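Have a look at coords.txt below; it lists compact mmCIF, N, CA and C atoms and all ligand atoms.
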# COMPACT_ATOMS: atom_id res chain seq x y z
N MET C 557 106.20 103.83 264.40
CA MET C 557 107.33 104.67 264.71
C MET C 557 108.34 104.58 263.58
N LYS C 558 108.82 105.70 263.12
CA LYS C 558 109.81 105.73 262.07
C LYS C 558 111.20 105.76 262.69
N LEU C 559 112.07 104.85 262.23
CA LEU C 559 113.42 104.79 262.77
C LEU C 559 114.24 105.96 262.29
N LYS C 560 115.01 106.54 263.19
CA LYS C 560 115.93 107.61 262.86
C LYS C 560 117.35 107.07 262.99
N TYR C 561 118.23 107.49 262.11
CA TYR C 561 119.60 107.01 262.14
C TYR C 561 120.60 108.10 262.46
N THR C 562 120.16 109.32 262.45
CA THR C 562 121.10 110.42 262.68
C THR C 562 121.05 110.86 264.14
N GLY C 563 122.17 111.35 264.62
CA GLY C 563 122.21 111.88 265.98
C GLY C 563 121.91 110.86 267.05
N GLY C 564 122.26 109.59 266.80
CA GLY C 564 121.99 108.57 267.80
C GLY C 564 120.51 108.30 267.94
N GLY C 565 119.76 108.44 266.92
CA GLY C 565 118.31 108.32 266.81
C GLY C 565 117.57 107.40 267.76
N ALA C 566 116.40 107.00 267.37
CA ALA C 566 115.46 106.33 268.26
C ALA C 566 116.00 105.03 268.82
N TRP C 567 116.66 104.23 268.04
CA TRP C 567 117.11 102.94 268.58
C TRP C 567 118.60 102.91 268.85
N LEU C 568 119.39 103.64 268.11
CA LEU C 568 120.84 103.61 268.33
C LEU C 568 121.20 104.15 269.71
N SER C 569 120.50 105.14 270.16
CA SER C 569 120.79 105.72 271.48
C SER C 569 120.44 104.76 272.61
N ARG C 570 119.63 103.74 272.34
CA ARG C 570 119.26 102.76 273.38
C ARG C 570 120.36 101.74 273.62
N LEU C 571 121.33 101.65 272.73
CA LEU C 571 122.37 100.66 272.84
C LEU C 571 123.51 101.19 273.69
N GLN C 572 123.29 101.22 274.98
CA GLN C 572 124.28 101.77 275.90
C GLN C 572 125.27 100.69 276.29
N GLY C 573 126.16 100.36 275.39
CA GLY C 573 127.14 99.33 275.68
C GLY C 573 128.44 99.64 275.01
N SER C 574 129.30 98.63 274.97
CA SER C 574 130.60 98.79 274.33
C SER C 574 130.42 98.91 272.83
N PRO C 575 131.46 99.37 272.13
CA PRO C 575 131.37 99.40 270.66
C PRO C 575 131.09 98.01 270.09
N GLY C 576 131.66 96.97 270.71
CA GLY C 576 131.39 95.61 270.24
C GLY C 576 129.93 95.22 270.39
N PHE C 577 129.33 95.59 271.53
CA PHE C 577 127.91 95.30 271.74
C PHE C 577 127.06 96.05 270.72
N THR C 578 127.37 97.30 270.50
CA THR C 578 126.63 98.09 269.52
C THR C 578 126.77 97.49 268.12
N ALA C 579 127.98 97.04 267.79
CA ALA C 579 128.20 96.43 266.47
C ALA C 579 127.36 95.18 266.31
N ARG C 580 127.31 94.33 267.36
CA ARG C 580 126.50 93.10 267.27
C ARG C 580 125.03 93.44 267.09
N CYS C 581 124.56 94.42 267.84
CA CYS C 581 123.15 94.81 267.74
C CYS C 581 122.84 95.34 266.34
N CYS C 582 123.72 96.15 265.81
CA CYS C 582 123.49 96.68 264.45
C CYS C 582 123.48 95.55 263.44
N ARG C 583 124.38 94.58 263.59
CA ARG C 583 124.38 93.43 262.68
C ARG C 583 123.05 92.70 262.75
N ALA C 584 122.56 92.50 263.97
CA ALA C 584 121.30 91.77 264.15
C ALA C 584 120.13 92.54 263.55
N ILE C 585 120.07 93.84 263.80
CA ILE C 585 118.96 94.65 263.32
C ILE C 585 118.97 94.76 261.80
N LEU C 586 120.16 94.93 261.24
CA LEU C 586 120.26 95.15 259.79
C LEU C 586 120.36 93.85 258.99
N GLY C 587 120.57 92.73 259.66
CA GLY C 587 120.68 91.45 258.97
C GLY C 587 122.02 91.27 258.25
N HIS C 588 122.97 92.08 258.59
CA HIS C 588 124.29 92.03 257.97
C HIS C 588 125.23 91.39 259.00
N ALA C 589 125.08 90.08 259.16
CA ALA C 589 125.72 89.38 260.26
C ALA C 589 126.37 88.09 259.78
N PRO C 590 127.34 87.59 260.55
CA PRO C 590 127.99 86.33 260.17
C PRO C 590 127.12 85.13 260.51
N ILE C 591 126.04 84.96 259.77
CA ILE C 591 125.11 83.86 260.00
C ILE C 591 124.82 83.16 258.67
N GLY C 592 124.22 82.01 258.74
CA GLY C 592 124.01 81.19 257.56
C GLY C 592 123.21 81.86 256.45
N SER C 593 122.15 82.58 256.80
CA SER C 593 121.34 83.21 255.76
C SER C 593 122.14 84.29 255.01
N PHE C 594 123.04 84.95 255.69
CA PHE C 594 123.91 85.93 255.04
C PHE C 594 124.87 85.20 254.10
N ASN C 595 125.43 84.10 254.59
CA ASN C 595 126.31 83.30 253.73
C ASN C 595 125.56 82.82 252.48
N ALA C 596 124.32 82.37 252.67
CA ALA C 596 123.54 81.85 251.53
C ALA C 596 123.38 82.91 250.46
N GLN C 597 123.26 84.17 250.88
CA GLN C 597 123.04 85.25 249.93
C GLN C 597 124.34 85.74 249.30
N PHE C 598 125.39 85.83 250.10
CA PHE C 598 126.61 86.47 249.60
C PHE C 598 127.80 85.53 249.45
N PHE C 599 127.83 84.45 250.21
CA PHE C 599 128.95 83.50 250.16
C PHE C 599 128.40 82.08 250.09
N PRO C 600 127.82 81.71 248.95
CA PRO C 600 127.10 80.43 248.87
C PRO C 600 127.96 79.21 249.10
N HIS C 601 129.26 79.34 249.07
CA HIS C 601 130.12 78.19 249.33
C HIS C 601 130.45 78.04 250.81
N GLN C 602 130.01 79.00 251.63
CA GLN C 602 130.23 78.93 253.07
C GLN C 602 129.05 78.19 253.71
N PRO C 603 129.22 77.65 254.92
CA PRO C 603 128.12 76.94 255.60
C PRO C 603 126.91 77.84 255.83
N THR C 604 125.73 77.27 255.68
CA THR C 604 124.49 78.03 255.89
C THR C 604 123.66 77.49 257.05
N GLY C 605 123.98 76.31 257.52
CA GLY C 605 123.23 75.71 258.62
C GLY C 605 123.65 76.29 259.95
N CYS C 606 122.77 76.11 260.93
CA CYS C 606 123.06 76.57 262.28
C CYS C 606 123.83 75.46 263.01
N PRO C 607 124.79 75.81 263.86
CA PRO C 607 125.48 74.78 264.63
C PRO C 607 124.55 73.93 265.50
N CYS C 608 123.34 74.38 265.77
CA CYS C 608 122.40 73.58 266.56
C CYS C 608 121.78 72.46 265.73
N GLY C 609 121.93 72.51 264.42
CA GLY C 609 121.36 71.48 263.56
C GLY C 609 120.26 71.99 262.63
N ALA C 610 119.79 73.21 262.83
CA ALA C 610 118.78 73.77 261.94
C ALA C 610 119.37 73.90 260.53
N VAL C 611 118.55 73.67 259.53
CA VAL C 611 119.01 73.66 258.15
C VAL C 611 119.57 75.02 257.73
N LEU C 612 118.92 76.10 258.13
CA LEU C 612 119.37 77.45 257.78
C LEU C 612 119.41 78.32 259.03
N GLU C 613 120.54 78.91 259.27
CA GLU C 613 120.71 79.82 260.41
C GLU C 613 120.23 81.20 260.00
N THR C 614 119.04 81.58 260.47
CA THR C 614 118.46 82.87 260.12
C THR C 614 118.37 83.77 261.36
N ARG C 615 118.12 85.03 261.13
CA ARG C 615 117.95 85.97 262.24
C ARG C 615 116.76 85.58 263.12
N PRO C 616 115.57 85.29 262.53
CA PRO C 616 114.45 84.88 263.39
C PRO C 616 114.75 83.60 264.18
N HIS C 617 115.48 82.68 263.57
CA HIS C 617 115.84 81.45 264.27
C HIS C 617 116.70 81.77 265.50
N ILE C 618 117.70 82.61 265.32
CA ILE C 618 118.60 82.96 266.43
C ILE C 618 117.83 83.70 267.52
N LEU C 619 117.04 84.68 267.12
CA LEU C 619 116.35 85.53 268.11
C LEU C 619 115.19 84.81 268.80
N GLY C 620 114.62 83.81 268.11
CA GLY C 620 113.40 83.23 268.66
C GLY C 620 113.44 81.78 269.07
N TYR C 621 114.37 80.99 268.50
CA TYR C 621 114.25 79.55 268.69
C TYR C 621 115.53 78.80 268.98
N CYS C 622 116.67 79.27 268.55
CA CYS C 622 117.89 78.48 268.58
C CYS C 622 118.24 78.06 270.01
N ASN C 623 118.54 76.76 270.15
CA ASN C 623 118.85 76.26 271.50
C ASN C 623 120.25 76.61 271.96
N ARG C 624 121.02 77.32 271.14
CA ARG C 624 122.34 77.79 271.58
C ARG C 624 122.22 79.07 272.41
N PHE C 625 121.03 79.66 272.40
CA PHE C 625 120.85 80.95 273.06
C PHE C 625 119.70 80.89 274.07
N THR C 626 119.67 81.89 274.95
CA THR C 626 118.63 81.94 275.99
C THR C 626 117.85 83.24 275.85
N ASP C 627 116.83 83.37 276.67
CA ASP C 627 116.04 84.61 276.74
C ASP C 627 115.55 85.06 275.37
N HIS C 628 115.00 84.13 274.59
CA HIS C 628 114.52 84.46 273.25
C HIS C 628 113.47 85.56 273.28
N LEU C 629 113.34 86.26 272.15
CA LEU C 629 112.38 87.36 272.06
C LEU C 629 110.96 86.84 272.18
N LYS C 630 110.15 87.59 272.88
CA LYS C 630 108.73 87.29 273.01
C LYS C 630 107.96 88.32 272.20
N THR C 631 106.78 87.96 271.76
CA THR C 631 105.96 88.93 271.04
C THR C 631 105.00 89.59 272.03
N PRO C 632 104.69 90.86 271.86
CA PRO C 632 105.22 91.74 270.84
C PRO C 632 106.70 92.06 271.12
N ILE C 633 107.47 92.08 270.05
CA ILE C 633 108.89 92.34 270.18
C ILE C 633 109.10 93.82 270.48
N SER C 634 109.95 94.08 271.45
CA SER C 634 110.27 95.47 271.79
C SER C 634 111.79 95.64 271.77
N MET C 635 112.21 96.87 271.75
CA MET C 635 113.65 97.15 271.79
C MET C 635 114.23 96.66 273.11
N THR C 636 113.46 96.76 274.19
CA THR C 636 113.93 96.28 275.49
C THR C 636 114.16 94.78 275.45
N ASN C 637 113.22 94.02 274.86
CA ASN C 637 113.40 92.56 274.72
C ASN C 637 114.65 92.25 273.90
N PHE C 638 114.81 92.98 272.82
CA PHE C 638 115.95 92.75 271.94
C PHE C 638 117.27 93.00 272.68
N ILE C 639 117.36 94.11 273.39
CA ILE C 639 118.59 94.43 274.12
C ILE C 639 118.86 93.39 275.20
N ASP C 640 117.81 92.96 275.89
CA ASP C 640 117.97 91.91 276.92
C ASP C 640 118.52 90.63 276.29
N PHE C 641 117.98 90.26 275.14
CA PHE C 641 118.48 89.06 274.44
C PHE C 641 119.95 89.23 274.09
N MET C 642 120.31 90.35 273.53
CA MET C 642 121.69 90.56 273.11
C MET C 642 122.65 90.58 274.30
N LYS C 643 122.22 91.12 275.43
CA LYS C 643 123.07 91.11 276.62
C LYS C 643 123.22 89.70 277.19
N ALA C 644 122.15 88.92 277.13
CA ALA C 644 122.19 87.55 277.66
C ALA C 644 122.97 86.59 276.77
N ASN C 645 123.18 86.97 275.51
CA ASN C 645 123.81 86.08 274.53
C ASN C 645 124.96 86.78 273.81
N PRO C 646 126.09 86.91 274.46
CA PRO C 646 127.20 87.67 273.86
C PRO C 646 127.78 87.05 272.60
N ARG C 647 127.44 85.81 272.29
CA ARG C 647 127.95 85.20 271.05
C ARG C 647 126.96 85.37 269.89
N ALA C 648 125.76 85.88 270.16
CA ALA C 648 124.77 86.07 269.09
C ALA C 648 125.23 87.18 268.16
N PHE C 649 125.28 86.88 266.89
CA PHE C 649 125.64 87.83 265.83
C PHE C 649 127.09 88.32 265.96
N ALA C 650 127.92 87.53 266.65
CA ALA C 650 129.33 87.87 266.80
C ALA C 650 130.15 87.02 265.84
N PHE C 651 131.29 87.55 265.46
CA PHE C 651 132.21 86.77 264.64
C PHE C 651 132.92 85.78 265.55
N ASN C 652 133.02 84.54 265.11
CA ASN C 652 133.69 83.52 265.92
C ASN C 652 135.17 83.79 266.07
N THR C 653 135.75 84.47 265.12
CA THR C 653 137.18 84.69 265.14
C THR C 653 137.57 86.01 265.78
N ALA C 654 136.59 86.82 266.18
CA ALA C 654 136.91 88.14 266.72
C ALA C 654 137.54 88.03 268.09
N PRO C 655 138.57 88.81 268.34
CA PRO C 655 139.12 88.85 269.69
C PRO C 655 138.09 89.40 270.67
N SER C 656 138.24 89.08 271.92
CA SER C 656 137.31 89.54 272.94
C SER C 656 137.19 91.06 272.91
N GLY C 657 135.97 91.53 272.96
CA GLY C 657 135.71 92.96 272.99
C GLY C 657 135.49 93.60 271.64
N ILE C 658 135.75 92.86 270.58
CA ILE C 658 135.54 93.42 269.25
C ILE C 658 134.11 93.18 268.80
N GLY C 659 133.51 92.13 269.26
CA GLY C 659 132.11 91.89 268.93
C GLY C 659 131.92 90.82 267.96
ZN ZN B 701 120.27 77.20 265.91

Written form, structure tokens:
Amino acid sequence: MKLKYTGGGAWLSRLQGSPGFTARCCRAILGHAPIGSFNAQFFPHQPTGCPCGAVLETRPHILGYCNRFTDHLKTPISMTNFIDFMKANPRAFAFNTAPSGIG
């Protein structure tokens, strides 16, 4: 399946939530998120480890293994699994300093 980005395309239209929820989901999907692997690439002086103790906080770690979160993705990964994970874990891919509702 080819992803569409225009007109609320194939996956964007599935994110029926607040703007903050949509923003978190987009960060997770695109890998442009406040996590250690992003810091390692763009802000090497910022922390790169996961608060759970993992050496590097990566997207697969958060979605599949991190003990800070629940309802990890199962394979085969589907958009439904992903949305369920994001709803169950409102702090996943969120900025720690963001006010409530911003994402
Ligand atoms: Zn972790």

May I have the residues within 6.5 Å of ligand ZN 701 (chain B), computed using all atoms listed in the file, as a compact mmCIF listing (two decimals) with N, CA and C atoms, in the frame of the given file?
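The result, stored in selection-v5.txt:
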# COMPACT_ATOMS: atom_id res chain seq x y z
N CYS C 606 122.77 76.11 260.93
CA CYS C 606 123.06 76.57 262.28
C CYS C 606 123.83 75.46 263.01
N PRO C 607 124.79 75.81 263.86
CA PRO C 607 125.48 74.78 264.63
C PRO C 607 124.55 73.93 265.50
N CYS C 608 123.34 74.38 265.77
CA CYS C 608 122.40 73.58 266.56
C CYS C 608 121.78 72.46 265.73
N GLY C 609 121.93 72.51 264.42
CA GLY C 609 121.36 71.48 263.56
C GLY C 609 120.26 71.99 262.63
N ALA C 610 119.79 73.21 262.83
CA ALA C 610 118.78 73.77 261.94
C ALA C 610 119.37 73.90 260.53
N GLU C 613 120.54 78.91 259.27
CA GLU C 613 120.71 79.82 260.41
C GLU C 613 120.23 81.20 260.00
N HIS C 617 115.48 82.68 263.57
CA HIS C 617 115.84 81.45 264.27
C HIS C 617 116.70 81.77 265.50
N ILE C 618 117.70 82.61 265.32
CA ILE C 618 118.60 82.96 266.43
C ILE C 618 117.83 83.70 267.52
N TYR C 621 114.37 80.99 268.50
CA TYR C 621 114.25 79.55 268.69
C TYR C 621 115.53 78.80 268.98
N CYS C 622 116.67 79.27 268.55
CA CYS C 622 117.89 78.48 268.58
C CYS C 622 118.24 78.06 270.01
N ASN C 623 118.54 76.76 270.15
CA ASN C 623 118.85 76.26 271.50
C ASN C 623 120.25 76.61 271.96
N ARG C 624 121.02 77.32 271.14
CA ARG C 624 122.34 77.79 271.58
C ARG C 624 122.22 79.07 272.41

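Shortest separation to C:Pro646 among C:Leu568, C:Cys581, C:Ala589, C:Ile633 occurs at residue C:Cys581, atoms counted being only C-alpha atoms.
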
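Interatomic distance, atom C of C:Asn637 against atom CA of C:Ala650: 16.9 Å.
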
For C:Pro603, please output as a PDB file with N, CA and C atoms, in the coordinates of the input all residues within 7 Å (counting only N, CA and C atoms; exclusion window: fewer than 5 positions along the same chain).
ATOM      1  N   ILE C 591     126.040  84.960 259.770  1.00  0.00           N
ATOM      2  CA  ILE C 591     125.110  83.860 260.000  1.00  0.00           C
ATOM      3  C   ILE C 591     124.820  83.160 258.670  1.00  0.00           C
ATOM      4  N   GLY C 592     124.220  82.010 258.740  1.00  0.00           N
ATOM      5  CA  GLY C 592     124.010  81.190 257.560  1.00  0.00           C
ATOM      6  C   GLY C 592     123.210  81.860 256.450  1.00  0.00           C
ATOM      7  N   SER C 593     122.150  82.580 256.800  1.00  0.00           N
ATOM      8  CA  SER C 593     121.340  83.210 255.760  1.00  0.00           C
ATOM      9  C   SER C 593     122.140  84.290 255.010  1.00  0.00           C
ATOM     10  N   ASN C 595     125.430  84.100 254.590  1.00  0.00           N
ATOM     11  CA  ASN C 595     126.310  83.300 253.730  1.00  0.00           C
ATOM     12  C   ASN C 595     125.560  82.820 252.480  1.00  0.00           C
ATOM     13  N   ALA C 596     124.320  82.370 252.670  1.00  0.00           N
ATOM     14  CA  ALA C 596     123.540  81.850 251.530  1.00  0.00           C
ATOM     15  C   ALA C 596     123.380  82.910 250.460  1.00  0.00           C
TER      16      ALA C 596
END

*Work out how far atom C of C:Pro600 is from atom CA of C:Arg583, in Å to one decimal.*
20.0 Å

*Apply DSSP to the backbone of this structure and, from chain C, keep only the residues in helix (DSSP H, G or I); write these as JSON, numbers by chain.*
{"C": [562, 563, 564, 568, 569, 570, 575, 576, 577, 578, 579, 580, 581, 582, 583, 584, 585, 586, 592, 593, 594, 595, 596, 597, 598, 615, 616, 617, 618, 619, 620, 635, 636, 637, 638, 639, 640, 641, 642, 643, 644]}

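Across the model, the gap from atom C of C:Ile585 to atom N of C:Trp567 is 11.6 Å.
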
Report, as JSON, the axis-aligned box around all atoms of stretch 573-587 of chain C present in the file, extended by 5 Å on each side; give centre and edge lengths in Å to one decimal place.
{"center_x": 125.3, "center_y": 95.8, "center_z": 267.0, "size_x": 22.7, "size_y": 19.1, "size_z": 27.4}

*With a distance cut-off of 12 Å and only C-alpha atoms, select the neighbouring residues of C:Pro590, excluding the residue or stretch itself and same-chain residues fewer than 6 positions from it, and output the selection as a PyMOL selection string.*
chain C and resi 579-580+583-584+596-599+602-606+613-615+618+647-654+659

Please rebuild stretch 640-651 of chain C with all heavy atoms and give the result as a PDB file, keeping the file's coordinate frame.
ATOM      1  N   ASP C 640     117.810  92.960 275.890  1.00  0.00           N
ATOM      2  CA  ASP C 640     117.970  91.910 276.920  1.00  0.00           C
ATOM      3  C   ASP C 640     118.520  90.630 276.290  1.00  0.00           C
ATOM      4  O   ASP C 640     119.398  89.978 276.858  1.00  0.00           O
ATOM      5  CB  ASP C 640     116.649  91.626 277.621  1.00  0.00           C
ATOM      6  CG  ASP C 640     116.223  92.758 278.544  1.00  0.00           C
ATOM      7  OD1 ASP C 640     117.060  93.636 278.852  1.00  0.00           O
ATOM      8  OD2 ASP C 640     115.045  92.757 278.949  1.00  0.00           O
ATOM      9  N   PHE C 641     117.980  90.260 275.140  1.00  0.00           N
ATOM     10  CA  PHE C 641     118.480  89.060 274.440  1.00  0.00           C
ATOM     11  C   PHE C 641     119.950  89.230 274.090  1.00  0.00           C
ATOM     12  O   PHE C 641     120.761  88.324 274.333  1.00  0.00           O
ATOM     13  CB  PHE C 641     117.662  88.804 273.165  1.00  0.00           C
ATOM     14  CG  PHE C 641     118.251  87.707 272.318  1.00  0.00           C
ATOM     15  CD1 PHE C 641     117.922  86.379 272.550  1.00  0.00           C
ATOM     16  CD2 PHE C 641     119.147  87.996 271.301  1.00  0.00           C
ATOM     17  CE1 PHE C 641     118.487  85.362 271.778  1.00  0.00           C
ATOM     18  CE2 PHE C 641     119.714  86.994 270.526  1.00  0.00           C
ATOM     19  CZ  PHE C 641     119.379  85.667 270.769  1.00  0.00           C
ATOM     20  N   MET C 642     120.310  90.350 273.530  1.00  0.00           N
ATOM     21  CA  MET C 642     121.690  90.560 273.110  1.00  0.00           C
ATOM     22  C   MET C 642     122.650  90.580 274.300  1.00  0.00           C
ATOM     23  O   MET C 642     123.769  90.078 274.207  1.00  0.00           O
ATOM     24  CB  MET C 642     121.811  91.854 272.302  1.00  0.00           C
ATOM     25  CG  MET C 642     121.063  91.818 270.978  1.00  0.00           C
ATOM     26  SD  MET C 642     121.599  90.508 269.868  1.00  0.00           S
ATOM     27  CE  MET C 642     123.169  91.173 269.326  1.00  0.00           C
ATOM     28  N   LYS C 643     122.220  91.120 275.430  1.00  0.00           N
ATOM     29  CA  LYS C 643     123.070  91.110 276.620  1.00  0.00           C
ATOM     30  C   LYS C 643     123.220  89.700 277.190  1.00  0.00           C
ATOM     31  O   LYS C 643     124.281  89.323 277.661  1.00  0.00           O
ATOM     32  CB  LYS C 643     122.491  92.048 277.689  1.00  0.00           C
ATOM     33  CG  LYS C 643     122.698  93.506 277.356  1.00  0.00           C
ATOM     34  CD  LYS C 643     122.116  94.409 278.439  1.00  0.00           C
ATOM     35  CE  LYS C 643     122.394  95.872 278.124  1.00  0.00           C
ATOM     36  NZ  LYS C 643     121.735  96.774 279.082  1.00  0.00           N
ATOM     37  N   ALA C 644     122.150  88.920 277.130  1.00  0.00           N
ATOM     38  CA  ALA C 644     122.190  87.550 277.660  1.00  0.00           C
ATOM     39  C   ALA C 644     122.970  86.590 276.770  1.00  0.00           C
ATOM     40  O   ALA C 644     123.367  85.518 277.215  1.00  0.00           O
ATOM     41  CB  ALA C 644     120.764  87.032 277.855  1.00  0.00           C
ATOM     42  N   ASN C 645     123.180  86.970 275.510  1.00  0.00           N
ATOM     43  CA  ASN C 645     123.810  86.080 274.530  1.00  0.00           C
ATOM     44  C   ASN C 645     124.960  86.780 273.810  1.00  0.00           C
ATOM     45  O   ASN C 645     124.811  87.197 272.659  1.00  0.00           O
ATOM     46  CB  ASN C 645     122.755  85.602 273.532  1.00  0.00           C
ATOM     47  CG  ASN C 645     121.661  84.819 274.200  1.00  0.00           C
ATOM     48  OD1 ASN C 645     121.870  83.670 274.564  1.00  0.00           O
ATOM     49  ND2 ASN C 645     120.509  85.447 274.395  1.00  0.00           N
ATOM     50  N   PRO C 646     126.090  86.910 274.460  1.00  0.00           N
ATOM     51  CA  PRO C 646     127.200  87.670 273.860  1.00  0.00           C
ATOM     52  C   PRO C 646     127.780  87.050 272.600  1.00  0.00           C
ATOM     53  O   PRO C 646     128.519  87.725 271.880  1.00  0.00           O
ATOM     54  CB  PRO C 646     128.237  87.735 274.985  1.00  0.00           C
ATOM     55  CG  PRO C 646     127.880  86.655 275.928  1.00  0.00           C
ATOM     56  CD  PRO C 646     126.408  86.453 275.807  1.00  0.00           C
ATOM     57  N   ARG C 647     127.440  85.810 272.290  1.00  0.00           N
ATOM     58  CA  ARG C 647     127.950  85.200 271.050  1.00  0.00           C
ATOM     59  C   ARG C 647     126.960  85.370 269.890  1.00  0.00           C
ATOM     60  O   ARG C 647     127.291  85.044 268.751  1.00  0.00           O
ATOM     61  CB  ARG C 647     128.246  83.710 271.254  1.00  0.00           C
ATOM     62  CG  ARG C 647     129.332  83.415 272.277  1.00  0.00           C
ATOM     63  CD  ARG C 647     130.664  84.123 272.038  1.00  0.00           C
ATOM     64  NE  ARG C 647     131.142  83.971 270.673  1.00  0.00           N
ATOM     65  CZ  ARG C 647     131.950  84.835 270.053  1.00  0.00           C
ATOM     66  NH1 ARG C 647     132.381  85.896 270.684  1.00  0.00           N
ATOM     67  NH2 ARG C 647     132.343  84.641 268.823  1.00  0.00           N
ATOM     68  N   ALA C 648     125.760  85.880 270.160  1.00  0.00           N
ATOM     69  CA  ALA C 648     124.770  86.070 269.090  1.00  0.00           C
ATOM     70  C   ALA C 648     125.230  87.180 268.160  1.00  0.00           C
ATOM     71  O   ALA C 648     125.593  88.269 268.606  1.00  0.00           O
ATOM     72  CB  ALA C 648     123.405  86.425 269.678  1.00  0.00           C
ATOM     73  N   PHE C 649     125.280  86.880 266.890  1.00  0.00           N
ATOM     74  CA  PHE C 649     125.640  87.830 265.830  1.00  0.00           C
ATOM     75  C   PHE C 649     127.090  88.320 265.960  1.00  0.00           C
ATOM     76  O   PHE C 649     127.446  89.376 265.463  1.00  0.00           O
ATOM     77  CB  PHE C 649     124.668  89.002 265.768  1.00  0.00           C
ATOM     78  CG  PHE C 649     123.253  88.557 265.556  1.00  0.00           C
ATOM     79  CD1 PHE C 649     122.367  88.443 266.624  1.00  0.00           C
ATOM     80  CD2 PHE C 649     122.811  88.199 264.291  1.00  0.00           C
ATOM     81  CE1 PHE C 649     121.074  87.990 266.438  1.00  0.00           C
ATOM     82  CE2 PHE C 649     121.518  87.748 264.093  1.00  0.00           C
ATOM     83  CZ  PHE C 649     120.645  87.646 265.171  1.00  0.00           C
ATOM     84  N   ALA C 650     127.920  87.530 266.650  1.00  0.00           N
ATOM     85  CA  ALA C 650     129.330  87.870 266.800  1.00  0.00           C
ATOM     86  C   ALA C 650     130.150  87.020 265.840  1.00  0.00           C
ATOM     87  O   ALA C 650     129.756  85.910 265.479  1.00  0.00           O
ATOM     88  CB  ALA C 650     129.786  87.595 268.235  1.00  0.00           C
ATOM     89  N   PHE C 651     131.290  87.550 265.460  1.00  0.00           N
ATOM     90  CA  PHE C 651     132.210  86.770 264.640  1.00  0.00           C
ATOM     91  C   PHE C 651     132.920  85.780 265.550  1.00  0.00           C
ATOM     92  O   PHE C 651     133.395  86.144 266.622  1.00  0.00           O
ATOM     93  CB  PHE C 651     133.225  87.697 263.964  1.00  0.00           C
ATOM     94  CG  PHE C 651     132.638  88.511 262.852  1.00  0.00           C
ATOM     95  CD1 PHE C 651     132.211  89.798 263.079  1.00  0.00           C
ATOM     96  CD2 PHE C 651     132.498  87.964 261.589  1.00  0.00           C
ATOM     97  CE1 PHE C 651     131.653  90.555 262.059  1.00  0.00           C
ATOM     98  CE2 PHE C 651     131.955  88.708 260.561  1.00  0.00           C
ATOM     99  CZ  PHE C 651     131.529  90.007 260.794  1.00  0.00           C
TER     100      PHE C 651
END
